[in-house]
Amino acid sequence: MAIRLKTAKSQEQRAEDDAKVRAIVEGLLNQIASNGDDAVRDLSEKFDSYSPASFLLSDEDIEQAISKVPRQDLIDIAFAQEQVRNFARHQKESLHDVEVETTPGVILGHKNIPVNSVGCYVPGGKYPMVASAHMSVVTAKVAGVKRIIAAAPPSGGAPHPAIVAAMHTGGADQIYCFGGVQAVGAMALGTESIAPVDLLVGPGNAYVAEAKRQLYGRVGIDLFAGPTETLIIADDTVDAEMCATDLLGQAEHGPTSPAVLLTTSRSLAEATLTEVERILAILPTAEIASVAWRDYGEVIVCETYDEMLEQADFIASEHVQVMTDRDEWFLDNMTNYGALFLGPRTNVAYGDKVIGTNHTLPTKKAGRYSGGLWVGKFIKTHTYQRVVSDEASAMMGEYCSRLCMLEGFVGHAEQANLRVRRYGGRNVEYGAAALPVNKT
């Protein structure tokens, strides 16, 4: 039976926090829907103290921002984007159009069509999330999206140079400098100066995540994203320093970021608790990470690997770092997670920044039914049908008519009956089910 050496905030307490955010976001989105550009400007002044002549960056603005980025940073951005681009290309190559004759004269198929327009949000509050531009903009470009707009909040009263560089080199068609609810609201709802997009992608704080949730339906979204989550599955093949470092490396994302250790070793669990405190005493981001660890950190000791697997699938964490003597066994058997990081040589930071897989991943147990952002999210799969012979149309019509009448859909049945009369030479009265199929 699993033993919890450290527990986190209850689900009831978390629900209260979520309710407050929902109410605030609803009011902000209503302002944007009613007042468009004026509301966006008011909210930008209120939350970011930023009100430029235009939120849309000109070519000159972009060049000026990029000129401020050190050469090595540009090289590193280019390297990371090539990793993301390369993996996205391989993913796209796995998607194929389909056309098959399922029965003589009946042809069914599907086509993979890129979304026409996408709004990519890049967070820039506590940290300038340069890597989020790679994950959204680059991947949308590989997918073939025709119009890609990107937005990030100002930093120090101006567009953040590295974020602008990443958006531009990633392939964004337009770059805006505004953040928060006003950014995703403007891109989704549209304003006098911004045409609305079809799909919103990219992570953000609790208010951005809630705004995307409320906007879902008017536009598509990549997923319902909450605070960054990390789960470490470990046994005595690794040490407390590595476990504590990987826990706090993700806890620093924000004060509500869950960080959980799941282990079969009580000695490792206790040592990790001690090591966390040691690292927090010297970690420059401890002000954030310590709150996340205090309120959302957990340490769970299990008796067996099977029990760890059961607990891990129940938690369904966004990031799962597996460091055991049977990492492949977890890869083969785990079903609920955002992304797996197998073995001590890899870690979540690699996935966040550079390795090439996408870092926009499901949180709050959404890994039970959804994967993360990938090139396929920007591509819609549409079916089509074609009946190419009279015999096939009449045959389908007979079955269809009877099935429609079974449900009481007379008008539907008549669509089928018309084809039976016209292509099968059968005299079917209006509103009657088609004649039985001739089996001879």
# chains A, B, ... in the order shown; residues from 1 in each chain; ligands from 1

call {"tool": "closest_atom_pairs", "arguments": {"of": "region 231-297 of chain A", "to": "region 4-28 of chain A", "cutoff": "9 Å", "atoms": "only C-alpha atoms", "output": "tab-separated table"}}
result
residue	atom	partner	partner_atom	distance
A:Pro258	CA	A:Ala8	CA	8.1
A:Ala269	CA	A:Leu5	CA	8.0
A:Glu270	CA	A:Leu5	CA	8.2
A:Leu273	CA	A:Lys6	CA	8.8
A:Trp293	CA	A:Ala8	CA	8.4
A:Arg294	CA	A:Ala8	CA	7.4
A:Asp295	CA	A:Ala8	CA	5.2
A:Tyr296	CA	A:Ala8	CA	4.4
A:Gly297	CA	A:Ala8	CA	5.6

call {"tool": "select_by_dssp", "arguments": {"residues": "region 266-301 of chain A", "states": "alpha helix (DSSP H)", "output": "list in words"}}
result
Arg266, Ser267, Leu268, Ala269, Glu270, Ala271, Thr272, Leu273, Thr274, Glu275, Val276, Glu277, Arg278, Ile279, Leu280, Ala286, Glu287, Ile288, Ala289, Ser290, Val291, Ala292, Trp293, Arg294, Asp295 and Tyr296 of chain A

call {"tool": "write_last_selection", "arguments": {"atoms": "C-alpha atoms", "output": "PDB file, in the first residue's frame"}}
result
ATOM      1  CA  ARG A 266      11.859   4.776   1.468  1.00  0.00           C
ATOM      2  CA  SER A 267      15.495   5.715   2.018  1.00  0.00           C
ATOM      3  CA  LEU A 268      15.527   7.530  -1.356  1.00  0.00           C
ATOM      4  CA  ALA A 269      12.266   9.287  -0.467  1.00  0.00           C
ATOM      5  CA  GLU A 270      13.608  10.548   2.855  1.00  0.00           C
ATOM      6  CA  ALA A 271      16.937  11.552   1.356  1.00  0.00           C
ATOM      7  CA  THR A 272      15.152  13.448  -1.413  1.00  0.00           C
ATOM      8  CA  LEU A 273      13.110  15.407   1.135  1.00  0.00           C
ATOM      9  CA  THR A 274      16.370  16.449   2.804  1.00  0.00           C
ATOM     10  CA  GLU A 275      18.043  17.240  -0.527  1.00  0.00           C
ATOM     11  CA  VAL A 276      15.119  19.415  -1.642  1.00  0.00           C
ATOM     12  CA  GLU A 277      15.614  21.625   1.410  1.00  0.00           C
ATOM     13  CA  ARG A 278      19.357  21.866   0.749  1.00  0.00           C
ATOM     14  CA  ILE A 279      18.824  22.940  -2.868  1.00  0.00           C
ATOM     15  CA  LEU A 280      16.062  25.400  -1.983  1.00  0.00           C
ATOM     16  CA  ALA A 286      13.498  29.338  -4.610  1.00  0.00           C
ATOM     17  CA  GLU A 287      10.928  32.065  -3.950  1.00  0.00           C
ATOM     18  CA  ILE A 288       8.662  30.357  -6.487  1.00  0.00           C
ATOM     19  CA  ALA A 289       9.860  26.758  -6.253  1.00  0.00           C
ATOM     20  CA  SER A 290       9.579  26.631  -2.470  1.00  0.00           C
ATOM     21  CA  VAL A 291       5.912  27.650  -2.559  1.00  0.00           C
ATOM     22  CA  ALA A 292       5.164  25.056  -5.248  1.00  0.00           C
ATOM     23  CA  TRP A 293       6.947  22.388  -3.226  1.00  0.00           C
ATOM     24  CA  ARG A 294       5.238  23.411   0.015  1.00  0.00           C
ATOM     25  CA  ASP A 295       1.711  23.443  -1.438  1.00  0.00           C
ATOM     26  CA  TYR A 296       1.902  20.970  -4.329  1.00  0.00           C
TER      27      TYR A 296
END

call {"tool": "residues_around", "arguments": {"residues": "region 102-110 of chain A", "least_positions_apart": "6", "cutoff": "10 Å", "atoms": "only C-alpha atoms", "output": "PDB file with all heavy atoms, in the first residue's frame"}}
result
ATOM      1  N   HIS A  96      -1.224  10.189 -43.677  1.00  0.00           N
ATOM      2  CA  HIS A  96      -1.462   9.885 -45.082  1.00  0.00           C
ATOM      3  C   HIS A  96      -2.930  10.096 -45.439  1.00  0.00           C
ATOM      4  O   HIS A  96      -3.828   9.779 -44.643  1.00  0.00           O
ATOM      5  CB  HIS A  96      -1.079   8.439 -45.388  1.00  0.00           C
ATOM      6  CG  HIS A  96       0.349   8.112 -45.095  1.00  0.00           C
ATOM      7  ND1 HIS A  96       1.380   8.505 -45.902  1.00  0.00           N
ATOM      8  CD2 HIS A  96       0.919   7.449 -44.056  1.00  0.00           C
ATOM      9  CE1 HIS A  96       2.528   8.091 -45.396  1.00  0.00           C
ATOM     10  NE2 HIS A  96       2.277   7.450 -44.265  1.00  0.00           N
ATOM     11  N   LYS A 380      -6.439  19.093 -40.037  1.00  0.00           N
ATOM     12  CA  LYS A 380      -7.773  18.518 -39.884  1.00  0.00           C
ATOM     13  C   LYS A 380      -7.921  17.343 -40.849  1.00  0.00           C
ATOM     14  O   LYS A 380      -7.488  17.421 -41.999  1.00  0.00           O
ATOM     15  CB  LYS A 380      -8.850  19.557 -40.203  1.00  0.00           C
ATOM     16  CG  LYS A 380      -8.707  20.872 -39.457  1.00  0.00           C
ATOM     17  CD  LYS A 380      -9.663  21.904 -40.039  1.00  0.00           C
ATOM     18  CE  LYS A 380      -9.263  22.267 -41.462  1.00  0.00           C
ATOM     19  NZ  LYS A 380     -10.269  23.136 -42.112  1.00  0.00           N
ATOM     20  N   THR A 381      -8.520  16.271 -40.373  1.00  0.00           N
ATOM     21  CA  THR A 381      -8.762  15.108 -41.229  1.00  0.00           C
ATOM     22  C   THR A 381     -10.222  15.108 -41.646  1.00  0.00           C
ATOM     23  O   THR A 381     -11.117  14.948 -40.821  1.00  0.00           O
ATOM     24  CB  THR A 381      -8.415  13.809 -40.495  1.00  0.00           C
ATOM     25  OG1 THR A 381      -7.047  13.853 -40.092  1.00  0.00           O
ATOM     26  CG2 THR A 381      -8.623  12.605 -41.384  1.00  0.00           C
ATOM     27  N   HIS A 382     -10.461  15.328 -42.947  1.00  0.00           N
ATOM     28  CA  HIS A 382     -11.815  15.451 -43.482  1.00  0.00           C
ATOM     29  C   HIS A 382     -12.132  14.265 -44.388  1.00  0.00           C
ATOM     30  O   HIS A 382     -11.328  13.897 -45.246  1.00  0.00           O
ATOM     31  CB  HIS A 382     -11.963  16.737 -44.303  1.00  0.00           C
ATOM     32  CG  HIS A 382     -11.806  17.983 -43.495  1.00  0.00           C
ATOM     33  ND1 HIS A 382     -12.851  18.543 -42.800  1.00  0.00           N
ATOM     34  CD2 HIS A 382     -10.718  18.763 -43.247  1.00  0.00           C
ATOM     35  CE1 HIS A 382     -12.427  19.641 -42.181  1.00  0.00           C
ATOM     36  NE2 HIS A 382     -11.130  19.784 -42.431  1.00  0.00           N
ATOM     37  N   THR A 383     -13.307  13.695 -44.195  1.00  0.00           N
ATOM     38  CA  THR A 383     -13.712  12.559 -45.018  1.00  0.00           C
ATOM     39  C   THR A 383     -14.461  13.024 -46.268  1.00  0.00           C
ATOM     40  O   THR A 383     -14.985  14.138 -46.326  1.00  0.00           O
ATOM     41  CB  THR A 383     -14.633  11.608 -44.234  1.00  0.00           C
ATOM     42  OG1 THR A 383     -15.801  12.315 -43.814  1.00  0.00           O
ATOM     43  CG2 THR A 383     -13.911  11.036 -43.023  1.00  0.00           C
ATOM     44  N   TYR A 384     -14.497  12.160 -47.270  1.00  0.00           N
ATOM     45  CA  TYR A 384     -15.344  12.387 -48.451  1.00  0.00           C
ATOM     46  C   TYR A 384     -15.856  11.036 -48.940  1.00  0.00           C
ATOM     47  O   TYR A 384     -15.311   9.980 -48.605  1.00  0.00           O
ATOM     48  CB  TYR A 384     -14.588  13.131 -49.556  1.00  0.00           C
ATOM     49  CG  TYR A 384     -13.372  12.422 -50.091  1.00  0.00           C
ATOM     50  CD1 TYR A 384     -13.477  11.520 -51.166  1.00  0.00           C
ATOM     51  CD2 TYR A 384     -12.116  12.646 -49.545  1.00  0.00           C
ATOM     52  CE1 TYR A 384     -12.364  10.877 -51.665  1.00  0.00           C
ATOM     53  CE2 TYR A 384     -10.995  12.012 -50.048  1.00  0.00           C
ATOM     54  CZ  TYR A 384     -11.116  11.119 -51.111  1.00  0.00           C
ATOM     55  OH  TYR A 384     -10.012  10.479 -51.604  1.00  0.00           O
ATOM     56  N   GLN A 385     -16.943  11.091 -49.696  1.00  0.00           N
ATOM     57  CA  GLN A 385     -17.580   9.879 -50.207  1.00  0.00           C
ATOM     58  C   GLN A 385     -17.912  10.077 -51.681  1.00  0.00           C
ATOM     59  O   GLN A 385     -18.265  11.174 -52.100  1.00  0.00           O
ATOM     60  CB  GLN A 385     -18.877   9.552 -49.453  1.00  0.00           C
ATOM     61  CG  GLN A 385     -18.730   9.471 -47.941  1.00  0.00           C
ATOM     62  CD  GLN A 385     -18.818  10.827 -47.266  1.00  0.00           C
ATOM     63  OE1 GLN A 385     -19.617  11.674 -47.667  1.00  0.00           O
ATOM     64  NE2 GLN A 385     -18.000  11.075 -46.258  1.00  0.00           N
ATOM     65  N   ARG A 386     -17.835   9.015 -52.443  1.00  0.00           N
ATOM     66  CA  ARG A 386     -18.199   9.071 -53.856  1.00  0.00           C
ATOM     67  C   ARG A 386     -18.794   7.726 -54.256  1.00  0.00           C
ATOM     68  O   ARG A 386     -18.180   6.686 -54.030  1.00  0.00           O
ATOM     69  CB  ARG A 386     -16.956   9.368 -54.713  1.00  0.00           C
ATOM     70  CG  ARG A 386     -17.245   9.534 -56.199  1.00  0.00           C
ATOM     71  CD  ARG A 386     -15.958   9.647 -57.011  1.00  0.00           C
ATOM     72  NE  ARG A 386     -15.134  10.773 -56.606  1.00  0.00           N
ATOM     73  CZ  ARG A 386     -13.908  10.680 -56.115  1.00  0.00           C
ATOM     74  NH1 ARG A 386     -13.358   9.479 -55.932  1.00  0.00           N
ATOM     75  NH2 ARG A 386     -13.214  11.751 -55.794  1.00  0.00           N
ATOM     76  N   VAL A 387     -20.000   7.737 -54.819  1.00  0.00           N
ATOM     77  CA  VAL A 387     -20.625   6.523 -55.344  1.00  0.00           C
ATOM     78  C   VAL A 387     -20.567   6.608 -56.862  1.00  0.00           C
ATOM     79  O   VAL A 387     -21.061   7.573 -57.456  1.00  0.00           O
ATOM     80  CB  VAL A 387     -22.079   6.377 -54.853  1.00  0.00           C
ATOM     81  CG1 VAL A 387     -22.706   5.105 -55.415  1.00  0.00           C
ATOM     82  CG2 VAL A 387     -22.126   6.346 -53.326  1.00  0.00           C
ATOM     83  N   VAL A 388     -19.981   5.615 -57.503  1.00  0.00           N
ATOM     84  CA  VAL A 388     -19.655   5.746 -58.926  1.00  0.00           C
ATOM     85  C   VAL A 388     -20.458   4.809 -59.832  1.00  0.00           C
ATOM     86  O   VAL A 388     -20.231   4.803 -61.038  1.00  0.00           O
ATOM     87  CB  VAL A 388     -18.139   5.518 -59.150  1.00  0.00           C
ATOM     88  CG1 VAL A 388     -17.332   6.588 -58.440  1.00  0.00           C
ATOM     89  CG2 VAL A 388     -17.717   4.125 -58.706  1.00  0.00           C
ATOM     90  N   SER A 389     -21.387   4.044 -59.279  1.00  0.00           N
ATOM     91  CA  SER A 389     -22.202   3.180 -60.143  1.00  0.00           C
ATOM     92  C   SER A 389     -23.663   3.232 -59.705  1.00  0.00           C
ATOM     93  O   SER A 389     -23.967   3.458 -58.523  1.00  0.00           O
ATOM     94  CB  SER A 389     -21.702   1.731 -60.116  1.00  0.00           C
ATOM     95  OG  SER A 389     -22.011   1.117 -58.868  1.00  0.00           O
ATOM     96  N   ASP A 390     -24.565   3.048 -60.656  1.00  0.00           N
ATOM     97  CA  ASP A 390     -25.998   3.019 -60.349  1.00  0.00           C
ATOM     98  C   ASP A 390     -26.319   1.906 -59.372  1.00  0.00           C
ATOM     99  O   ASP A 390     -27.112   2.080 -58.437  1.00  0.00           O
ATOM    100  CB  ASP A 390     -26.806   2.819 -61.638  1.00  0.00           C
ATOM    101  CG  ASP A 390     -26.728   4.011 -62.575  1.00  0.00           C
ATOM    102  OD1 ASP A 390     -26.179   5.050 -62.162  1.00  0.00           O
ATOM    103  OD2 ASP A 390     -27.211   3.890 -63.719  1.00  0.00           O
ATOM    104  N   GLU A 391     -25.708   0.745 -59.584  1.00  0.00           N
ATOM    105  CA  GLU A 391     -25.997  -0.413 -58.743  1.00  0.00           C
ATOM    106  C   GLU A 391     -25.620  -0.137 -57.293  1.00  0.00           C
ATOM    107  O   GLU A 391     -26.373  -0.475 -56.358  1.00  0.00           O
ATOM    108  CB  GLU A 391     -25.243  -1.643 -59.258  1.00  0.00           C
ATOM    109  CG  GLU A 391     -25.662  -2.134 -60.631  1.00  0.00           C
ATOM    110  CD  GLU A 391     -25.062  -1.314 -61.773  1.00  0.00           C
ATOM    111  OE1 GLU A 391     -24.185  -0.458 -61.496  1.00  0.00           O
ATOM    112  OE2 GLU A 391     -25.472  -1.516 -62.924  1.00  0.00           O
ATOM    113  N   ALA A 392     -24.465   0.477 -57.081  1.00  0.00           N
ATOM    114  CA  ALA A 392     -24.013   0.761 -55.709  1.00  0.00           C
ATOM    115  C   ALA A 392     -24.927   1.772 -55.035  1.00  0.00           C
ATOM    116  O   ALA A 392     -25.264   1.643 -53.854  1.00  0.00           O
ATOM    117  CB  ALA A 392     -22.574   1.269 -55.724  1.00  0.00           C
ATOM    118  N   SER A 393     -25.360   2.800 -55.774  1.00  0.00           N
ATOM    119  CA  SER A 393     -26.242   3.806 -55.189  1.00  0.00           C
ATOM    120  C   SER A 393     -27.579   3.205 -54.793  1.00  0.00           C
ATOM    121  O   SER A 393     -28.111   3.485 -53.712  1.00  0.00           O
ATOM    122  CB  SER A 393     -26.454   4.957 -56.175  1.00  0.00           C
ATOM    123  OG  SER A 393     -27.241   5.972 -55.585  1.00  0.00           O
ATOM    124  N   MET A 396     -27.055   0.894 -51.645  1.00  0.00           N
ATOM    125  CA  MET A 396     -26.913   1.695 -50.435  1.00  0.00           C
ATOM    126  C   MET A 396     -28.238   2.355 -50.070  1.00  0.00           C
ATOM    127  O   MET A 396     -28.598   2.471 -48.895  1.00  0.00           O
ATOM    128  CB  MET A 396     -25.837   2.769 -50.627  1.00  0.00           C
ATOM    129  CG  MET A 396     -24.420   2.249 -50.528  1.00  0.00           C
ATOM    130  SD  MET A 396     -24.027   1.784 -48.826  1.00  0.00           S
ATOM    131  CE  MET A 396     -22.407   1.031 -49.090  1.00  0.00           C
TER     132      MET A 396
END

call {"tool": "atom_distance", "arguments": {"atom1": "CA of Thr304 (chain A)", "atom2": "CA of Gly343 (chain A)"}}
result
18.8 Å

call {"tool": "closest_residue", "arguments": {"among": "A:Ala251, A:Leu340, A:Ala143, A:Ile233", "to": "Cys302 (chain A)", "atoms": "only C-alpha atoms"}}
result
A:Ile233

call {"tool": "residues_around", "arguments": {"residues": "Glu82 (chain A)", "least_positions_apart": "3", "cutoff": "12 Å", "atoms": "only C-alpha atoms", "output": "PyMOL selection string"}}
result
chain A and resi 75-79+85-89+134-135+138-139+142+166+169-170+353-357

call {"tool": "atom_distance", "arguments": {"atom1": "CA of Gly338 (chain A)", "atom2": "CA of Pro362 (chain A)"}}
result
5.4 Å

call {"tool": "closest_residue", "arguments": {"among": "A:Asn336, A:Ser155, A:Thr230, A:Gln174", "to": "Leu56 (chain A)", "atoms": "only C-alpha atoms"}}
result
A:Gln174

call {"tool": "atom_distance", "arguments": {"atom1": "CA of Ala65 (chain A)", "atom2": "CA of Leu43 (chain A)"}}
result
23.6 Å

call {"tool": "select_by_dssp", "arguments": {"residues": "region 289-333 of chain A", "states": "strand (DSSP E or B)", "output": "JSON, numbers by chain"}}
result
{"A": [297, 298, 299, 300, 301, 319, 320, 321, 322, 323]}
